[in-house]
file run.pdb (PDB, C-alpha atoms and all ligand atoms)
ATOM      1  CA  MET A1092     108.893 151.108 252.378  1.00  0.00           C
ATOM      2  CA  LEU A1093     106.309 152.205 254.902  1.00  0.00           C
ATOM      3  CA  CYS A1094     107.455 155.389 256.663  1.00  0.00           C
ATOM      4  CA  ILE A1095     105.248 156.938 259.343  1.00  0.00           C
ATOM      5  CA  ALA A1096     106.104 160.438 260.606  1.00  0.00           C
ATOM      6  CA  VAL A1097     104.361 161.701 263.739  1.00  0.00           C
ATOM      7  CA  VAL A1098     104.130 165.494 263.666  1.00  0.00           C
ATOM      8  CA  ASN A1099     102.560 168.457 265.426  1.00  0.00           C
ATOM      9  CA  LEU A1100     103.152 172.161 265.877  1.00  0.00           C
ATOM     10  CA  LYS A1101     103.807 172.195 269.626  1.00  0.00           C
ATOM     11  CA  GLY A1102     105.648 170.268 272.294  1.00  0.00           C
ATOM     12  CA  GLY A1103     103.735 167.992 274.623  1.00  0.00           C
ATOM     13  CA  SER A1104     101.212 166.946 271.989  1.00  0.00           C
ATOM     14  CA  THR A1105     101.782 163.161 272.436  1.00  0.00           C
ATOM     15  CA  LYS A1106     104.061 162.763 269.405  1.00  0.00           C
ATOM     16  CA  THR A1107     106.638 160.578 271.144  1.00  0.00           C
ATOM     17  CA  THR A1108     104.052 158.421 272.914  1.00  0.00           C
ATOM     18  CA  SER A1109     102.189 157.932 269.629  1.00  0.00           C
ATOM     19  CA  ALA A1110     105.409 157.139 267.748  1.00  0.00           C
ATOM     20  CA  ALA A1111     106.445 154.611 270.408  1.00  0.00           C
ATOM     21  CA  TYR A1112     103.118 152.768 270.342  1.00  0.00           C
ATOM     22  CA  LEU A1113     102.771 152.802 266.548  1.00  0.00           C
ATOM     23  CA  LEU A1114     106.324 151.471 266.315  1.00  0.00           C
ATOM     24  CA  HIS A1115     105.522 148.595 268.661  1.00  0.00           C
ATOM     25  CA  ALA A1116     102.208 147.866 266.953  1.00  0.00           C
ATOM     26  CA  LEU A1117     104.135 147.442 263.692  1.00  0.00           C
ATOM     27  CA  VAL A1118     106.713 145.199 265.373  1.00  0.00           C
ATOM     28  CA  GLU A1119     103.954 143.070 266.903  1.00  0.00           C
ATOM     29  CA  SER A1120     102.466 142.763 263.397  1.00  0.00           C
ATOM     30  CA  GLY A1121     105.636 140.956 262.413  1.00  0.00           C
ATOM     31  CA  LEU A1122     107.475 143.755 260.618  1.00  0.00           C
ATOM     32  CA  SER A1123     111.085 144.691 261.003  1.00  0.00           C
ATOM     33  CA  VAL A1124     110.890 148.332 262.114  1.00  0.00           C
ATOM     34  CA  LEU A1125     113.415 151.104 262.671  1.00  0.00           C
ATOM     35  CA  GLY A1126     112.571 153.937 265.050  1.00  0.00           C
ATOM     36  CA  VAL A1127     114.019 157.307 264.084  1.00  0.00           C
ATOM     37  CA  ASP A1128     114.278 160.015 266.726  1.00  0.00           C
ATOM     38  CA  ALA A1129     114.488 163.342 264.903  1.00  0.00           C
ATOM     39  CA  ASP A1130     113.988 165.551 267.964  1.00  0.00           C
ATOM     40  CA  PRO A1131     117.310 167.295 268.718  1.00  0.00           C
ATOM     41  CA  GLU A1132     116.239 168.642 272.116  1.00  0.00           C
ATOM     42  CA  ASN A1133     114.430 165.855 273.889  1.00  0.00           C
ATOM     43  CA  CYS A1134     115.715 162.695 272.166  1.00  0.00           C
ATOM     44  CA  SER A1135     112.841 161.010 273.978  1.00  0.00           C
ATOM     45  CA  LEU A1136     112.430 158.040 271.673  1.00  0.00           C
ATOM     46  CA  VAL A1137     116.120 157.109 271.887  1.00  0.00           C
ATOM     47  CA  ARG A1138     116.076 157.633 275.660  1.00  0.00           C
ATOM     48  CA  TRP A1139     112.903 155.569 276.067  1.00  0.00           C
ATOM     49  CA  SER A1140     114.335 152.736 274.008  1.00  0.00           C
ATOM     50  CA  ASP A1141     117.594 152.803 276.016  1.00  0.00           C
ATOM     51  CA  LEU A1142     115.852 152.849 279.381  1.00  0.00           C
ATOM     52  CA  ALA A1143     113.456 150.066 278.456  1.00  0.00           C
ATOM     53  CA  GLU A1144     115.959 148.096 276.390  1.00  0.00           C
ATOM     54  CA  TRP A1145     113.579 147.767 273.455  1.00  0.00           C
ATOM     55  CA  ALA A1146     114.443 144.919 271.135  1.00  0.00           C
ATOM     56  CA  THR A1147     113.691 147.078 268.129  1.00  0.00           C
ATOM     57  CA  PRO A1148     116.396 149.625 267.177  1.00  0.00           C
ATOM     58  CA  VAL A1149     115.991 153.384 267.464  1.00  0.00           C
ATOM     59  CA  VAL A1150     118.496 155.785 265.917  1.00  0.00           C
ATOM     60  CA  GLY A1151     118.898 159.496 266.584  1.00  0.00           C
ATOM     61  CA  MET A1152     118.741 161.545 263.358  1.00  0.00           C
ATOM     62  CA  PRO A1153     117.783 165.137 264.202  1.00  0.00           C
ATOM     63  CA  VAL A1154     118.731 166.428 260.758  1.00  0.00           C
ATOM     64  CA  LYS A1155     117.145 168.649 258.127  1.00  0.00           C
ATOM     65  CA  ASP A1156     118.140 166.292 255.313  1.00  0.00           C
ATOM     66  CA  LEU A1157     116.462 163.202 256.698  1.00  0.00           C
ATOM     67  CA  HIS A1158     114.841 162.698 253.301  1.00  0.00           C
ATOM     68  CA  ARG A1159     118.301 162.206 251.809  1.00  0.00           C
ATOM     69  CA  ARG A1160     119.920 160.273 254.643  1.00  0.00           C
ATOM     70  CA  LEU A1161     117.199 157.847 255.639  1.00  0.00           C
ATOM     71  CA  ASP A1162     117.917 155.372 252.844  1.00  0.00           C
ATOM     72  CA  ALA A1163     121.405 154.763 254.217  1.00  0.00           C
ATOM     73  CA  VAL A1164     120.064 153.411 257.530  1.00  0.00           C
ATOM     74  CA  THR A1165     116.852 151.647 256.533  1.00  0.00           C
ATOM     75  CA  GLU A1166     118.183 148.814 254.415  1.00  0.00           C
ATOM     76  CA  GLY A1167     116.630 145.538 255.518  1.00  0.00           C
ATOM     77  CA  PHE A1168     113.750 147.179 257.409  1.00  0.00           C
ATOM     78  CA  ASP A1169     110.092 146.915 256.391  1.00  0.00           C
ATOM     79  CA  ALA A1170     109.024 150.125 258.070  1.00  0.00           C
ATOM     80  CA  VAL A1171     110.255 153.289 259.767  1.00  0.00           C
ATOM     81  CA  VAL A1172     108.555 155.406 262.423  1.00  0.00           C
ATOM     82  CA  ILE A1173     109.880 158.958 262.801  1.00  0.00           C
ATOM     83  CA  ASP A1174     109.345 160.946 265.997  1.00  0.00           C
ATOM     84  CA  THR A1175     109.746 164.643 265.253  1.00  0.00           C
ATOM     85  CA  PRO A1176     110.426 167.824 267.219  1.00  0.00           C
ATOM     86  CA  PRO A1177     107.681 170.431 267.569  1.00  0.00           C
ATOM     87  CA  MET A1178     107.277 172.206 264.228  1.00  0.00           C
ATOM     88  CA  GLU A1179     107.652 175.610 265.831  1.00  0.00           C
ATOM     89  CA  SER A1180     111.214 174.837 266.968  1.00  0.00           C
ATOM     90  CA  GLY A1181     112.314 172.281 264.376  1.00  0.00           C
ATOM     91  CA  ARG A1182     110.558 173.270 261.189  1.00  0.00           C
ATOM     92  CA  GLY A1183     113.419 172.209 258.897  1.00  0.00           C
ATOM     93  CA  ILE A1184     113.573 168.731 260.431  1.00  0.00           C
ATOM     94  CA  VAL A1185     109.800 168.302 260.356  1.00  0.00           C
ATOM     95  CA  THR A1186     109.720 169.433 256.730  1.00  0.00           C
ATOM     96  CA  SER A1187     112.318 166.818 255.890  1.00  0.00           C
ATOM     97  CA  ALA A1188     110.399 164.078 257.778  1.00  0.00           C
ATOM     98  CA  VAL A1189     107.161 165.050 256.030  1.00  0.00           C
ATOM     99  CA  ARG A1190     109.007 164.934 252.722  1.00  0.00           C
ATOM    100  CA  VAL A1191     110.145 161.348 253.192  1.00  0.00           C
ATOM    101  CA  ALA A1192     107.059 159.909 254.982  1.00  0.00           C
ATOM    102  CA  THR A1193     104.515 157.724 253.224  1.00  0.00           C
ATOM    103  CA  HIS A1194     102.123 158.292 256.156  1.00  0.00           C
ATOM    104  CA  ILE A1195     101.812 161.406 258.301  1.00  0.00           C
ATOM    105  CA  VAL A1196     100.070 161.109 261.655  1.00  0.00           C
ATOM    106  CA  ILE A1197      99.010 164.219 263.560  1.00  0.00           C
ATOM    107  CA  PRO A1198      98.136 163.417 267.190  1.00  0.00           C
ATOM    108  CA  MET A1199      95.795 165.925 268.797  1.00  0.00           C
ATOM    109  CA  SER A1200      93.820 166.254 271.984  1.00  0.00           C
ATOM    110  CA  PRO A1201      90.140 167.109 271.565  1.00  0.00           C
ATOM    111  CA  THR A1202      90.684 170.665 272.770  1.00  0.00           C
ATOM    112  CA  PRO A1203      90.295 174.107 271.180  1.00  0.00           C
ATOM    113  CA  MET A1204      94.042 174.732 271.444  1.00  0.00           C
ATOM    114  CA  ASP A1205      95.073 171.547 269.629  1.00  0.00           C
ATOM    115  CA  PHE A1206      92.380 172.086 267.014  1.00  0.00           C
ATOM    116  CA  ASP A1207      93.683 175.597 266.456  1.00  0.00           C
ATOM    117  CA  ARG A1208      97.142 174.178 265.676  1.00  0.00           C
ATOM    118  CA  LEU A1209      95.948 171.700 263.097  1.00  0.00           C
ATOM    119  CA  GLY A1210      95.813 174.237 260.261  1.00  0.00           C
ATOM    120  CA  ALA A1211      99.520 175.100 260.609  1.00  0.00           C
ATOM    121  CA  VAL A1212     100.511 171.429 260.425  1.00  0.00           C
ATOM    122  CA  LEU A1213      98.408 170.836 257.319  1.00  0.00           C
ATOM    123  CA  GLU A1214      99.853 173.969 255.747  1.00  0.00           C
ATOM    124  CA  LEU A1215     103.350 172.561 256.159  1.00  0.00           C
ATOM    125  CA  VAL A1216     102.235 169.233 254.665  1.00  0.00           C
ATOM    126  CA  ASP A1217     100.755 171.099 251.685  1.00  0.00           C
ATOM    127  CA  ASP A1218     103.881 173.235 251.285  1.00  0.00           C
ATOM    128  CA  VAL A1219     106.024 170.109 251.106  1.00  0.00           C
ATOM    129  CA  GLY A1220     103.729 168.537 248.491  1.00  0.00           C
ATOM    130  CA  PRO A1221     105.607 169.768 245.402  1.00  0.00           C
ATOM    131  CA  LEU A1222     108.884 168.352 246.800  1.00  0.00           C
ATOM    132  CA  ARG A1223     107.464 164.841 247.002  1.00  0.00           C
ATOM    133  CA  ALA A1224     107.304 162.191 244.300  1.00  0.00           C
ATOM    134  CA  ALA A1225     103.845 161.034 245.446  1.00  0.00           C
ATOM    135  CA  PRO A1226     101.280 162.413 247.897  1.00  0.00           C
ATOM    136  CA  PRO A1227     101.318 160.960 251.433  1.00  0.00           C
ATOM    137  CA  VAL A1228      98.498 159.524 253.496  1.00  0.00           C
ATOM    138  CA  VAL A1229      97.690 162.165 256.139  1.00  0.00           C
ATOM    139  CA  ALA A1230      95.523 161.551 259.201  1.00  0.00           C
ATOM    140  CA  ALA A1231      94.877 163.029 262.613  1.00  0.00           C
ATOM    141  CA  ILE A1232      94.383 160.854 265.668  1.00  0.00           C
ATOM    142  CA  LEU A1233      92.593 161.968 268.803  1.00  0.00           C
ATOM    143  CA  THR A1234      94.683 161.291 271.902  1.00  0.00           C
ATOM    144  CA  ARG A1235      94.271 161.973 275.621  1.00  0.00           C
ATOM    145  CA  VAL A1236      90.526 161.612 275.167  1.00  0.00           C
ATOM    146  CA  VAL A1237      88.658 161.769 278.459  1.00  0.00           C
ATOM    147  CA  THR A1238      86.314 158.792 278.626  1.00  0.00           C
ATOM    148  CA  ASN A1239      82.617 159.678 278.347  1.00  0.00           C
ATOM    149  CA  SER A1240      83.358 163.277 277.397  1.00  0.00           C
ATOM    150  CA  ALA A1241      81.604 164.907 274.469  1.00  0.00           C
ATOM    151  CA  SER A1242      84.717 166.722 273.255  1.00  0.00           C
ATOM    152  CA  ALA A1243      86.119 163.856 271.172  1.00  0.00           C
ATOM    153  CA  GLU A1244      83.173 163.836 268.787  1.00  0.00           C
ATOM    154  CA  VAL A1245      82.970 167.647 268.708  1.00  0.00           C
ATOM    155  CA  TYR A1246      86.599 167.931 267.620  1.00  0.00           C
ATOM    156  CA  ARG A1247      86.456 164.870 265.376  1.00  0.00           C
ATOM    157  CA  THR A1248      83.691 166.590 263.424  1.00  0.00           C
ATOM    158  CA  ALA A1249      85.543 169.908 263.344  1.00  0.00           C
ATOM    159  CA  ALA A1250      88.897 168.380 262.368  1.00  0.00           C
ATOM    160  CA  SER A1251      87.304 166.123 259.729  1.00  0.00           C
ATOM    161  CA  ASP A1252      86.603 169.211 257.639  1.00  0.00           C
ATOM    162  CA  LEU A1253      90.367 169.662 257.347  1.00  0.00           C
ATOM    163  CA  VAL A1254      91.865 166.179 257.395  1.00  0.00           C
ATOM    164  CA  PRO A1255      90.716 162.548 257.832  1.00  0.00           C
ATOM    165  CA  VAL A1256      90.537 161.675 261.524  1.00  0.00           C
ATOM    166  CA  LEU A1257      91.184 158.040 262.387  1.00  0.00           C
ATOM    167  CA  PRO A1258      88.177 156.372 264.052  1.00  0.00           C
ATOM    168  CA  ALA A1259      90.393 155.023 266.830  1.00  0.00           C
ATOM    169  CA  ARG A1260      90.760 157.334 269.790  1.00  0.00           C
ATOM    170  CA  VAL A1261      93.437 157.063 272.430  1.00  0.00           C
ATOM    171  CA  ALA A1262      92.056 157.586 275.915  1.00  0.00           C
ATOM    172  CA  ARG A1263      93.716 159.697 278.589  1.00  0.00           C
ATOM    173  CA  LEU A1264      95.105 156.839 280.643  1.00  0.00           C
ATOM    174  CA  GLU A1265      97.808 156.198 283.226  1.00  0.00           C
ATOM    175  CA  ARG A1266      99.011 153.419 280.944  1.00  0.00           C
ATOM    176  CA  PHE A1267     100.201 156.046 278.443  1.00  0.00           C
ATOM    177  CA  ALA A1268     101.054 158.816 280.905  1.00  0.00           C
ATOM    178  CA  GLN A1269     103.450 156.511 282.786  1.00  0.00           C
ATOM    179  CA  ALA A1270     104.766 154.608 279.775  1.00  0.00           C
ATOM    180  CA  PHE A1271     108.012 156.525 279.142  1.00  0.00           C
ATOM    181  CA  GLY A1272     111.056 154.433 279.981  1.00  0.00           C
ATOM    182  CA  CYS A1273     109.112 151.182 280.152  1.00  0.00           C
ATOM    183  CA  PRO A1274     108.821 148.261 277.750  1.00  0.00           C
ATOM    184  CA  ILE A1275     105.726 148.369 275.531  1.00  0.00           C
ATOM    185  CA  ASP A1276     103.702 145.167 275.422  1.00  0.00           C
ATOM    186  CA  ASP A1277     100.530 144.477 273.551  1.00  0.00           C
ATOM    187  CA  ALA A1278     100.510 147.767 271.607  1.00  0.00           C
ATOM    188  CA  LEU A1279      98.305 146.096 268.980  1.00  0.00           C
ATOM    189  CA  ASN A1280      95.586 145.679 271.583  1.00  0.00           C
ATOM    190  CA  THR A1281      95.529 149.377 272.391  1.00  0.00           C
ATOM    191  CA  ALA A1282      93.803 152.074 270.354  1.00  0.00           C
ATOM    192  CA  TYR A1283      97.134 152.545 268.574  1.00  0.00           C
ATOM    193  CA  GLY A1284      96.751 149.037 267.100  1.00  0.00           C
ATOM    194  CA  ASP A1285      93.349 150.006 265.692  1.00  0.00           C
ATOM    195  CA  ALA A1286      94.767 153.321 264.504  1.00  0.00           C
ATOM    196  CA  LEU A1287      97.553 151.533 262.653  1.00  0.00           C
ATOM    197  CA  THR A1288      95.120 149.230 260.840  1.00  0.00           C
ATOM    198  CA  GLN A1289      92.934 152.201 259.902  1.00  0.00           C
ATOM    199  CA  LEU A1290      95.920 154.235 258.739  1.00  0.00           C
ATOM    200  CA  LEU A1291      97.242 151.459 256.526  1.00  0.00           C
ATOM    201  CA  ASP A1292      93.771 150.996 254.998  1.00  0.00           C
ATOM    202  CA  MET A1293      93.534 154.648 254.004  1.00  0.00           C
ATOM    203  CA  GLU A1294      93.685 155.936 250.468  1.00  0.00           C
ATOM    204  CA  VAL A1295      95.901 158.883 249.577  1.00  0.00           C
ATOM    205  CA  ALA A1296      93.341 161.701 249.625  1.00  0.00           C
ATOM    206  CA  ARG A1297      92.354 164.716 251.645  1.00  0.00           C
ATOM    207  CA  PRO A1298      88.856 166.183 251.814  1.00  0.00           C
TER     208      PRO A1298
HETATM  209  N1  LIG A1301      96.935 158.869 276.107  1.00  0.00           N
HETATM  210  C1  LIG A1301      97.570 159.537 277.075  1.00  0.00           C
HETATM  211  N2  LIG A1301      97.004 159.667 278.305  1.00  0.00           N
HETATM  212  C2  LIG A1301      97.631 160.367 279.275  1.00  0.00           C
HETATM  213  N3  LIG A1301      98.812 160.961 279.135  1.00  0.00           N
HETATM  214  C3  LIG A1301      99.426 160.877 277.930  1.00  0.00           C
HETATM  215  C4  LIG A1301      98.841 160.170 276.843  1.00  0.00           C
HETATM  216  N4  LIG A1301      99.692 160.244 275.783  1.00  0.00           N
HETATM  217  C5  LIG A1301     100.735 160.973 276.202  1.00  0.00           C
HETATM  218  N5  LIG A1301     100.586 161.359 277.474  1.00  0.00           N
HETATM  219  C6  LIG A1301     101.509 162.202 278.265  1.00  0.00           C
HETATM  220  O1  LIG A1301     101.502 163.504 277.704  1.00  0.00           O
HETATM  221  C7  LIG A1301     102.780 164.100 277.815  1.00  0.00           C
HETATM  222  C8  LIG A1301     103.272 164.541 276.435  1.00  0.00           C
HETATM  223  O2  LIG A1301     103.417 163.380 275.634  1.00  0.00           O
HETATM  224  P1  LIG A1301     104.684 163.184 274.665  1.00  0.00           P
HETATM  225  O3  LIG A1301     105.957 163.344 275.395  1.00  0.00           O
HETATM  226  O4  LIG A1301     104.430 161.921 273.933  1.00  0.00           O
HETATM  227  O5  LIG A1301     104.467 164.440 273.708  1.00  0.00           O
HETATM  228  P2  LIG A1301     105.462 165.080 272.637  1.00  0.00           P
HETATM  229  O6  LIG A1301     104.588 165.742 271.637  1.00  0.00           O
HETATM  230  O7  LIG A1301     106.414 164.069 272.140  1.00  0.00           O
HETATM  231  O8  LIG A1301     106.233 166.165 273.489  1.00  0.00           O
HETATM  232  P3  LIG A1301     107.650 166.898 273.127  1.00  0.00           P
HETATM  233  O9  LIG A1301     107.358 167.798 271.966  1.00  0.00           O
HETATM  234  O10 LIG A1301     107.964 167.657 274.380  1.00  0.00           O
HETATM  235  O11 LIG A1301     108.639 165.838 272.764  1.00  0.00           O
HETATM  236  C9  LIG A1301     103.697 163.059 278.451  1.00  0.00           C
HETATM  237  O12 LIG A1301     103.749 163.306 279.835  1.00  0.00           O
HETATM  238  C10 LIG A1301     102.965 161.740 278.191  1.00  0.00           C
HETATM  239  O13 LIG A1301     103.243 160.775 279.146  1.00  0.00           O
HETATM  240 MG    MG A1302     108.493 164.107 271.962  1.00  0.00          MG
END
call {"tool": "encode", "arguments": {"input": "run.pdb", "output": "structure tokens"}}
result
Amino acid sequence: MLCIAVVNLKGGSTKTTSAAYLLHALVESGLSVLGVDADPENCSLVRWSDLAEWATPVVGMPVKDLHRRLDAVTEGFDAVVIDTPPMESGRGIVTSAVRVATHIVIPMSPTPMDFDRLGAVLELVDDVGPLRAAPPVVAAILTRVVTNSASAEVYRTAASDLVPVLPARVARLERFAQAFGCPIDDALNTAYGDALTQLLDMEVARP
């Protein structure tokens, strides 16, 4: 089963927004998808789904043994999208999500601070490697990209030395900034739709 975990070191790095849009892009592709909110503090994915009355289910599972417990709730689903807490406060939960994920997505802004955090995330992914049956697909995605700025390509090039960076880039837009609590329509026609296609086309390999 396809299992996408969205992870990053810090809070406010667009994990929940990315998880929400990837989830809806999968649903719009015709898959039966379960959202898993593993963030014990914010519970933003569950809250968003409640407020917006999403048709697709989201369960709260902020647990360090997600890799053991996920099977019990995913029967009948084609795919799972896991929103995680920041690694720095929820390392055990993120480790567990990384352990169970087939695909790991690291959203990052094209900024020196987000680039600086990338190494710590990849270190955790590497550390979890021996606990997994098979290696995951790992990719970064540039989010909150300011249109016509040079930074996206600068940080794409820099990050590409560490991890594949999806060609799709998510612009800094009111559409995403104001999305929390609202229904999500047409996710496939956003950059997240392109990102999903690119992610699912990727081979399991890191440079
Ligand atoms: N593409 C975008 N353009 C503009 N604003 C965005 C974009 N994506 C996310 N945001 C905004 O950035 C902020 C952080 O996003 P989000 O809540 O998804 O991050 P997070 O990593 O889940 O944070 P936390 O760790 O606190 O749960 C939110 O206010 C969100 O609306
Ligand atoms: Mg969040």
call {"tool": "resolve_selection", "arguments": {"input": "run.pdb", "expression": "the PyMOL selection byres (((chain A and resi 1160-1162) around 12) and not hetatm)", "output": "NGL selection string"}}
result
:A and (1092 or 1094 or 1125-1129 or 1150-1159 or 1163-1168 or 1170-1173 or 1187-1188 or 1190-1192)
call {"tool": "closest_atom_pairs", "arguments": {"input": "run.pdb", "of": "chain A", "to": "ligand MG 1302 (chain A)", "cutoff": "9 Å", "atoms": "all atoms listed in the file", "output": "tab-separated table"}}
result
residue	atom	partner	partner_atom	distance
A:Gly1102	CA	A:MG1302	MG	6.8
A:Gly1103	CA	A:MG1302	MG	6.7
A:Ser1104	CA	A:MG1302	MG	7.8
A:Thr1105	CA	A:MG1302	MG	6.8
A:Lys1106	CA	A:MG1302	MG	5.3
A:Thr1107	CA	A:MG1302	MG	4.1
A:Thr1108	CA	A:MG1302	MG	7.3
A:Ala1110	CA	A:MG1302	MG	8.7
A:Asp1128	CA	A:MG1302	MG	8.8
A:Asp1130	CA	A:MG1302	MG	6.9
A:Glu1132	CA	A:MG1302	MG	9.0
A:Asn1133	CA	A:MG1302	MG	6.5
A:Cys1134	CA	A:MG1302	MG	7.4
A:Ser1135	CA	A:MG1302	MG	5.7
A:Leu1136	CA	A:MG1302	MG	7.2
A:Asp1174	CA	A:MG1302	MG	6.8
A:Thr1175	CA	A:MG1302	MG	6.8
A:Pro1176	CA	A:MG1302	MG	6.3
A:Pro1177	CA	A:MG1302	MG	7.7
call {"tool": "resolve_selection", "arguments": {"input": "run.pdb", "expression": "the PyMOL selection byres (((chain A and resi 1179) around 12) and not hetatm)", "output": "compact mmCIF listing (two decimals) with C-alpha atoms, in the coordinates of the input"}}
result
# COMPACT_ATOMS: atom_id res chain seq x y z
CA VAL A 1098 104.13 165.49 263.67
CA ASN A 1099 102.56 168.46 265.43
CA LEU A 1100 103.15 172.16 265.88
CA LYS A 1101 103.81 172.20 269.63
CA GLY A 1102 105.65 170.27 272.29
CA THR A 1175 109.75 164.64 265.25
CA PRO A 1176 110.43 167.82 267.22
CA PRO A 1177 107.68 170.43 267.57
CA MET A 1178 107.28 172.21 264.23
CA SER A 1180 111.21 174.84 266.97
CA GLY A 1181 112.31 172.28 264.38
CA ARG A 1182 110.56 173.27 261.19
CA GLY A 1183 113.42 172.21 258.90
CA ILE A 1184 113.57 168.73 260.43
CA VAL A 1185 109.80 168.30 260.36
CA THR A 1186 109.72 169.43 256.73
CA ARG A 1208 97.14 174.18 265.68
CA ALA A 1211 99.52 175.10 260.61
CA VAL A 1212 100.51 171.43 260.42
CA LEU A 1215 103.35 172.56 256.16
call {"tool": "resolve_selection", "arguments": {"input": "run.pdb", "expression": "the PyMOL selection byres (((chain A and resi 1142) around 12) and not hetatm)", "output": "ChimeraX atom specification"}}
result
/A:1135-1141,1143-1146,1149,1270-1275
call {"tool": "closest_residue", "arguments": {"input": "run.pdb", "among": "A:Glu1294, A:Asp1277, A:Asp1205, A:Glu1265", "to": "ligand LIG 1301 (chain A)", "atoms": "all atoms listed in the file"}}
result
A:Glu1265
call {"tool": "atom_distance", "arguments": {"input": "run.pdb", "atom1": "CA of Pro1258 (chain A)", "atom2": "CA of Pro1203 (chain A)"}}
result
19.2 Å
call {"tool": "closest_residue", "arguments": {"input": "run.pdb", "among": "A:Leu1213, A:Val1118, A:Val1228, A:Val1097", "to": "ligand LIG 1301 (chain A)", "atoms": "only C-alpha atoms and all ligand atoms"}}
result
A:Val1097
call {"tool": "residues_around", "arguments": {"input": "run.pdb", "residues": "region 1239-1247 of chain A", "least_positions_apart": "2", "cutoff": "10 Å", "atoms": "only C-alpha atoms", "output": "list in words"}}
result
Met1199, Ser1200, Pro1201, Thr1202, Pro1203, Asp1205, Phe1206, Ala1231, Ile1232, Leu1233, Thr1234, Arg1235, Val1236, Val1237, Ala1249, Ala1250, Ser1251, Asp1252, Val1254, Pro1255, Val1256, Leu1257, Pro1258, Arg1260 and Ala1262 of chain A
call {"tool": "axis_aligned_box", "arguments": {"input": "run.pdb", "around": "region 1166-1170 of chain A", "padding_each_side": "4 Å", "output": "AutoDock Vina command-line options"}}
result
--center_x 113.6 --center_y 147.8 --center_z 256.2 --size_x 17.2 --size_y 12.6 --size_z 11.7
call {"tool": "decode", "arguments": {"input": "run.pdb", "residues": "region 1217-1260 of chain A", "atoms": "C-alpha atoms", "output": "tab-separated table (two decimals), in the first residue's frame"}}
result
chain	number	residue	atom	x	y	z
A	1217	ASP	CA	19.15	7.10	7.02
A	1218	ASP	CA	19.10	6.07	10.68
A	1219	VAL	CA	15.74	4.38	10.19
A	1220	GLY	CA	16.99	2.52	7.10
A	1221	PRO	CA	18.12	-0.66	8.88
A	1222	LEU	CA	14.69	-0.96	10.57
A	1223	ARG	CA	12.88	-1.07	7.24
A	1224	ALA	CA	12.21	-4.06	5.01
A	1225	ALA	CA	12.83	-2.01	1.84
A	1226	PRO	CA	14.22	1.47	1.18
A	1227	PRO	CA	11.68	4.29	0.73
A	1228	VAL	CA	11.36	6.85	-2.02
A	1229	VAL	CA	12.60	10.15	-0.52
A	1230	ALA	CA	12.08	13.56	-2.11
A	1231	ALA	CA	12.07	17.21	-1.15
A	1232	ILE	CA	9.51	19.63	-2.53
A	1233	LEU	CA	10.00	23.37	-2.70
A	1234	THR	CA	7.05	25.21	-1.17
A	1235	ARG	CA	6.21	28.87	-0.53
A	1236	VAL	CA	8.23	29.77	-3.60
A	1237	VAL	CA	8.01	33.46	-4.43
A	1238	THR	CA	7.11	33.79	-8.10
A	1239	ASN	CA	9.93	35.12	-10.30
A	1240	SER	CA	12.49	34.84	-7.51
A	1241	ALA	CA	15.86	33.24	-8.14
A	1242	SER	CA	15.93	31.42	-4.81
A	1243	ALA	CA	13.97	28.35	-5.93
A	1244	GLU	CA	16.60	27.31	-8.46
A	1245	VAL	CA	19.48	28.21	-6.11
A	1246	TYR	CA	18.11	25.94	-3.38
A	1247	ARG	CA	16.94	23.26	-5.81
A	1248	THR	CA	20.53	22.95	-6.99
A	1249	ALA	CA	21.91	22.96	-3.45
A	1250	ALA	CA	19.35	20.47	-2.10
A	1251	SER	CA	19.73	18.17	-5.13
A	1252	ASP	CA	23.20	17.28	-3.90
A	1253	LEU	CA	21.55	15.72	-0.85
A	1254	VAL	CA	18.20	14.39	-2.03
A	1255	PRO	CA	16.06	14.36	-5.21
A	1256	VAL	CA	13.98	17.53	-5.41
A	1257	LEU	CA	10.66	17.22	-7.20
A	1258	PRO	CA	10.44	19.44	-10.30
A	1259	ALA	CA	7.08	20.79	-9.17
A	1260	ARG	CA	7.29	23.85	-6.97
